[in-house]
Amino acid sequence: EVQLVESGGGLVQPGGSLRLSCVASGFSFGSFIMTWVRQAPGKGLEWVSTILPGGENTYYADSVKGRFTVSRDNAENTLYLQLNSLKTEDTAIYYCQKGSRDAYTDRGLGTQVTVSS
């Protein structure tokens, strides 16, 4: 059974940082593309970032480019998202998903990020 468990969210002031984690189990993590998406209050899902299996190729939405960094530790079956220079508009539930932006098979329950002064 595939499981994806996100953690690391919380309340942070504008300009602050957070590091999100997604621990994966039930599949060969190192063989799969992994993706972060988010959903802001009252809005639809927004793609944030994708990382290829080896970790050397990463892709970002324009809204987060230069501020967020995706990475992975295949030995620990863990996906990360470093969030820097946070803005109020980054407030959302952040989800990791197994697969690419539009072709995925599983998604975690998410972790809440709130950016507020």
# chains A, B, ... in the order shown; residues from 1 in each chain; ligands from 1
>>> select_by_dssp(residues="range 75-117 of chain A", states="strand (DSSP E)", output="PyMOL selection string")
chain A and resi 78-83+92-99+104-107+111-115
>>> residues_around(residues="Ser100 in chain A", least_positions_apart="5", cutoff="8 Å", atoms="only C-alpha atoms", output="PyMOL selection string")
chain A and resi 33-35+50
>>> write_last_selection(atoms="C-alpha atoms", output="PDB file, in the first residue's frame")
ATOM      1  CA  ILE A  33       9.022  11.247 -10.293  1.00  0.00           C
ATOM      2  CA  MET A  34       7.691  13.121  -7.257  1.00  0.00           C
ATOM      3  CA  THR A  35       5.738  16.351  -7.157  1.00  0.00           C
ATOM      4  CA  THR A  50       8.576  18.330  -9.590  1.00  0.00           C
TER       5      THR A  50
END
>>> closest_residue(among="A:Asn74, A:Gln97, A:Val23, A:Ser49", to="Asp62 in chain A", atoms="only C-alpha atoms")
A:Ser49
>>> residues_around(residues="Arg19 in chain A", least_positions_apart="2", cutoff="9 Å", atoms="only C-alpha atoms", output="list of chain:residue names")
A:Ser7, A:Gly8, A:Gly9, A:Ser17, A:Ser21, A:Tyr80, A:Leu81, A:Gln82, A:Leu83, A:Asn84
>>> residues_around(residues="Val2 in chain A", least_positions_apart="2", cutoff="8 Å", atoms="only C-alpha atoms", output="compact mmCIF listing (two decimals) with N, CA and C atoms, in the first residue's frame")
# COMPACT_ATOMS: atom_id res chain seq x y z
N LEU A 4 2.02 8.25 1.69
CA LEU A 4 2.78 9.50 1.60
C LEU A 4 2.36 10.35 2.78
N ALA A 24 7.75 8.51 2.17
CA ALA A 24 7.04 7.59 1.28
C ALA A 24 7.28 6.14 1.68
N SER A 25 6.28 5.32 1.45
CA SER A 25 6.42 3.88 1.69
C SER A 25 5.47 3.14 0.76
N GLY A 26 5.77 1.84 0.58
CA GLY A 26 4.89 1.00 -0.22
C GLY A 26 5.21 0.96 -1.71
N PHE A 27 6.29 1.62 -2.11
CA PHE A 27 6.69 1.58 -3.51
C PHE A 27 8.18 1.91 -3.58
N ASP A 106 -0.93 8.70 -6.51
CA ASP A 106 -1.24 8.81 -5.09
C ASP A 106 -0.84 10.19 -4.58
>>> atom_distance(atom1="CA of Glu1 in chain A", atom2="CA of Gln39 in chain A")
24.8 Å
>>> residues_around(residues="Pro14 in chain A", least_positions_apart="4", cutoff="10 Å", atoms="only C-alpha atoms", output="PyMOL selection string")
chain A and resi 84-90+114-117
>>> closest_residue(among="A:Tyr104, A:Tyr95, A:Trp47, A:Phe29", to="Tyr60 in chain A", atoms="only C-alpha atoms")
A:Trp47
>>> residues_around(residues="Ala61 in chain A", least_positions_apart="4", cutoff="12 Å", atoms="only C-alpha atoms", output="ChimeraX atom specification")
/A:35-38,46-50,65-70,101
>>> write_last_selection(atoms="C-alpha atoms", output="short mmCIF file (atom, residue, chain, number, x, y, z; two decimals), in the first residue's frame")
data_model
loop_
_atom_site.label_atom_id
_atom_site.label_comp_id
_atom_site.auth_asym_id
_atom_site.auth_seq_id
_atom_site.Cartn_x
_atom_site.Cartn_y
_atom_site.Cartn_z
CA THR A 35 5.74 16.35 -7.16
CA TRP A 36 4.57 18.98 -4.69
CA VAL A 37 1.23 20.70 -5.18
CA ARG A 38 -0.69 23.10 -2.95
CA GLU A 46 -1.68 24.51 -7.90
CA TRP A 47 1.44 22.71 -9.09
CA VAL A 48 4.51 23.80 -7.14
CA SER A 49 7.49 21.63 -8.07
CA THR A 50 8.58 18.33 -9.59
CA LYS A 65 11.01 29.89 -8.48
CA GLY A 66 14.02 31.23 -6.64
CA ARG A 67 12.34 30.86 -3.24
CA PHE A 68 11.52 27.15 -2.96
CA THR A 69 13.87 24.21 -3.40
CA VAL A 70 12.81 20.62 -3.92
CA ARG A 101 2.11 17.17 -12.34
#
>>> closest_residue(among="A:Leu52, A:Ala75, A:Leu109, A:Ile93", to="Gln3 in chain A", atoms="only C-alpha atoms")
A:Leu109
>>> atom_distance(atom1="CA of Glu6 in chain A", atom2="CA of Gly108 in chain A")
6.6 Å
>>> closest_residue(among="A:Thr78, A:Gly42, A:Cys22, A:Val12", to="Gly55 in chain A", atoms="only C-alpha atoms")
A:Thr78
>>> atom_distance(atom1="CA of Thr105 in chain A", atom2="CA of Ser71 in chain A")
20.0 Å
>>> closest_residue(among="A:Gly44, A:Pro53, A:Gly30, A:Gly110", to="Val5 in chain A", atoms="only C-alpha atoms")
A:Gly110
>>> decode(residues="range 7-37 of chain A", atoms="N, CA and C atoms", output="PDB file, in the first residue's frame")
ATOM      1  N   SER A   7       4.856  16.451   6.489  1.00  0.00           N
ATOM      2  CA  SER A   7       5.015  17.110   7.781  1.00  0.00           C
ATOM      3  C   SER A   7       5.865  18.360   7.599  1.00  0.00           C
ATOM      4  N   GLY A   8       5.942  19.162   8.656  1.00  0.00           N
ATOM      5  CA  GLY A   8       6.807  20.335   8.630  1.00  0.00           C
ATOM      6  C   GLY A   8       6.088  21.661   8.446  1.00  0.00           C
ATOM      7  N   GLY A   9       4.786  21.608   8.213  1.00  0.00           N
ATOM      8  CA  GLY A   9       4.042  22.846   8.067  1.00  0.00           C
ATOM      9  C   GLY A   9       3.906  23.576   9.395  1.00  0.00           C
ATOM     10  N   GLY A  10       3.345  24.790   9.325  1.00  0.00           N
ATOM     11  CA  GLY A  10       3.145  25.558  10.534  1.00  0.00           C
ATOM     12  C   GLY A  10       2.840  27.007  10.214  1.00  0.00           C
ATOM     13  N   LEU A  11       2.874  27.825  11.258  1.00  0.00           N
ATOM     14  CA  LEU A  11       2.629  29.264  11.139  1.00  0.00           C
ATOM     15  C   LEU A  11       3.973  29.986  11.111  1.00  0.00           C
ATOM     16  N   VAL A  12       4.152  30.827  10.111  1.00  0.00           N
ATOM     17  CA  VAL A  12       5.417  31.536   9.966  1.00  0.00           C
ATOM     18  C   VAL A  12       5.132  32.956   9.494  1.00  0.00           C
ATOM     19  N   GLN A  13       5.977  33.885   9.878  1.00  0.00           N
ATOM     20  CA  GLN A  13       5.806  35.272   9.459  1.00  0.00           C
ATOM     21  C   GLN A  13       6.288  35.462   8.014  1.00  0.00           C
ATOM     22  N   PRO A  14       5.777  36.461   7.334  1.00  0.00           N
ATOM     23  CA  PRO A  14       6.296  36.776   5.986  1.00  0.00           C
ATOM     24  C   PRO A  14       7.803  36.946   6.018  1.00  0.00           C
ATOM     25  N   GLY A  15       8.453  36.370   5.009  1.00  0.00           N
ATOM     26  CA  GLY A  15       9.906  36.390   4.962  1.00  0.00           C
ATOM     27  C   GLY A  15      10.568  35.209   5.628  1.00  0.00           C
ATOM     28  N   GLY A  16       9.788  34.433   6.342  1.00  0.00           N
ATOM     29  CA  GLY A  16      10.329  33.288   7.063  1.00  0.00           C
ATOM     30  C   GLY A  16      10.535  32.066   6.180  1.00  0.00           C
ATOM     31  N   SER A  17      10.940  30.972   6.827  1.00  0.00           N
ATOM     32  CA  SER A  17      11.253  29.737   6.121  1.00  0.00           C
ATOM     33  C   SER A  17      10.628  28.539   6.817  1.00  0.00           C
ATOM     34  N   LEU A  18      10.392  27.521   6.030  1.00  0.00           N
ATOM     35  CA  LEU A  18       9.947  26.230   6.535  1.00  0.00           C
ATOM     36  C   LEU A  18      10.563  25.146   5.666  1.00  0.00           C
ATOM     37  N   ARG A  19      10.673  23.953   6.223  1.00  0.00           N
ATOM     38  CA  ARG A  19      11.098  22.801   5.442  1.00  0.00           C
ATOM     39  C   ARG A  19      10.054  21.712   5.563  1.00  0.00           C
ATOM     40  N   LEU A  20       9.444  21.368   4.462  1.00  0.00           N
ATOM     41  CA  LEU A  20       8.441  20.318   4.437  1.00  0.00           C
ATOM     42  C   LEU A  20       9.102  18.993   4.092  1.00  0.00           C
ATOM     43  N   SER A  21       8.559  17.922   4.665  1.00  0.00           N
ATOM     44  CA  SER A  21       9.017  16.576   4.365  1.00  0.00           C
ATOM     45  C   SER A  21       7.852  15.715   3.934  1.00  0.00           C
ATOM     46  N   CYS A  22       8.147  14.720   3.135  1.00  0.00           N
ATOM     47  CA  CYS A  22       7.150  13.734   2.724  1.00  0.00           C
ATOM     48  C   CYS A  22       7.823  12.369   2.770  1.00  0.00           C
ATOM     49  N   VAL A  23       7.412  11.556   3.723  1.00  0.00           N
ATOM     50  CA  VAL A  23       7.970  10.218   3.852  1.00  0.00           C
ATOM     51  C   VAL A  23       7.106   9.247   3.061  1.00  0.00           C
ATOM     52  N   ALA A  24       7.745   8.508   2.173  1.00  0.00           N
ATOM     53  CA  ALA A  24       7.037   7.595   1.285  1.00  0.00           C
ATOM     54  C   ALA A  24       7.276   6.139   1.680  1.00  0.00           C
ATOM     55  N   SER A  25       6.285   5.319   1.452  1.00  0.00           N
ATOM     56  CA  SER A  25       6.424   3.880   1.688  1.00  0.00           C
ATOM     57  C   SER A  25       5.475   3.136   0.761  1.00  0.00           C
ATOM     58  N   GLY A  26       5.766   1.840   0.578  1.00  0.00           N
ATOM     59  CA  GLY A  26       4.885   1.004  -0.225  1.00  0.00           C
ATOM     60  C   GLY A  26       5.206   0.962  -1.705  1.00  0.00           C
ATOM     61  N   PHE A  27       6.286   1.621  -2.107  1.00  0.00           N
ATOM     62  CA  PHE A  27       6.694   1.577  -3.510  1.00  0.00           C
ATOM     63  C   PHE A  27       8.183   1.911  -3.583  1.00  0.00           C
ATOM     64  N   SER A  28       8.758   1.701  -4.750  1.00  0.00           N
ATOM     65  CA  SER A  28      10.176   1.956  -4.947  1.00  0.00           C
ATOM     66  C   SER A  28      10.386   3.443  -5.191  1.00  0.00           C
ATOM     67  N   PHE A  29      10.507   4.179  -4.101  1.00  0.00           N
ATOM     68  CA  PHE A  29      10.548   5.640  -4.133  1.00  0.00           C
ATOM     69  C   PHE A  29      11.571   6.178  -5.131  1.00  0.00           C
ATOM     70  N   GLY A  30      12.751   5.637  -5.129  1.00  0.00           N
ATOM     71  CA  GLY A  30      13.830   6.147  -5.972  1.00  0.00           C
ATOM     72  C   GLY A  30      13.607   5.982  -7.458  1.00  0.00           C
ATOM     73  N   SER A  31      12.551   5.282  -7.842  1.00  0.00           N
ATOM     74  CA  SER A  31      12.267   5.059  -9.260  1.00  0.00           C
ATOM     75  C   SER A  31      11.214   5.994  -9.824  1.00  0.00           C
ATOM     76  N   PHE A  32      10.678   6.837  -8.971  1.00  0.00           N
ATOM     77  CA  PHE A  32       9.519   7.632  -9.387  1.00  0.00           C
ATOM     78  C   PHE A  32       9.762   9.131  -9.362  1.00  0.00           C
ATOM     79  N   ILE A  33       9.161   9.804 -10.336  1.00  0.00           N
ATOM     80  CA  ILE A  33       9.022  11.247 -10.293  1.00  0.00           C
ATOM     81  C   ILE A  33       8.137  11.592  -9.093  1.00  0.00           C
ATOM     82  N   MET A  34       8.497  12.663  -8.385  1.00  0.00           N
ATOM     83  CA  MET A  34       7.691  13.121  -7.257  1.00  0.00           C
ATOM     84  C   MET A  34       7.378  14.605  -7.436  1.00  0.00           C
ATOM     85  N   THR A  35       6.243  15.000  -6.910  1.00  0.00           N
ATOM     86  CA  THR A  35       5.738  16.351  -7.157  1.00  0.00           C
ATOM     87  C   THR A  35       5.138  16.935  -5.876  1.00  0.00           C
ATOM     88  N   TRP A  36       5.286  18.232  -5.726  1.00  0.00           N
ATOM     89  CA  TRP A  36       4.572  18.984  -4.690  1.00  0.00           C
ATOM     90  C   TRP A  36       3.490  19.835  -5.366  1.00  0.00           C
ATOM     91  N   VAL A  37       2.316  19.820  -4.773  1.00  0.00           N
ATOM     92  CA  VAL A  37       1.231  20.701  -5.184  1.00  0.00           C
ATOM     93  C   VAL A  37       0.691  21.375  -3.928  1.00  0.00           C
TER      94      VAL A  37
END
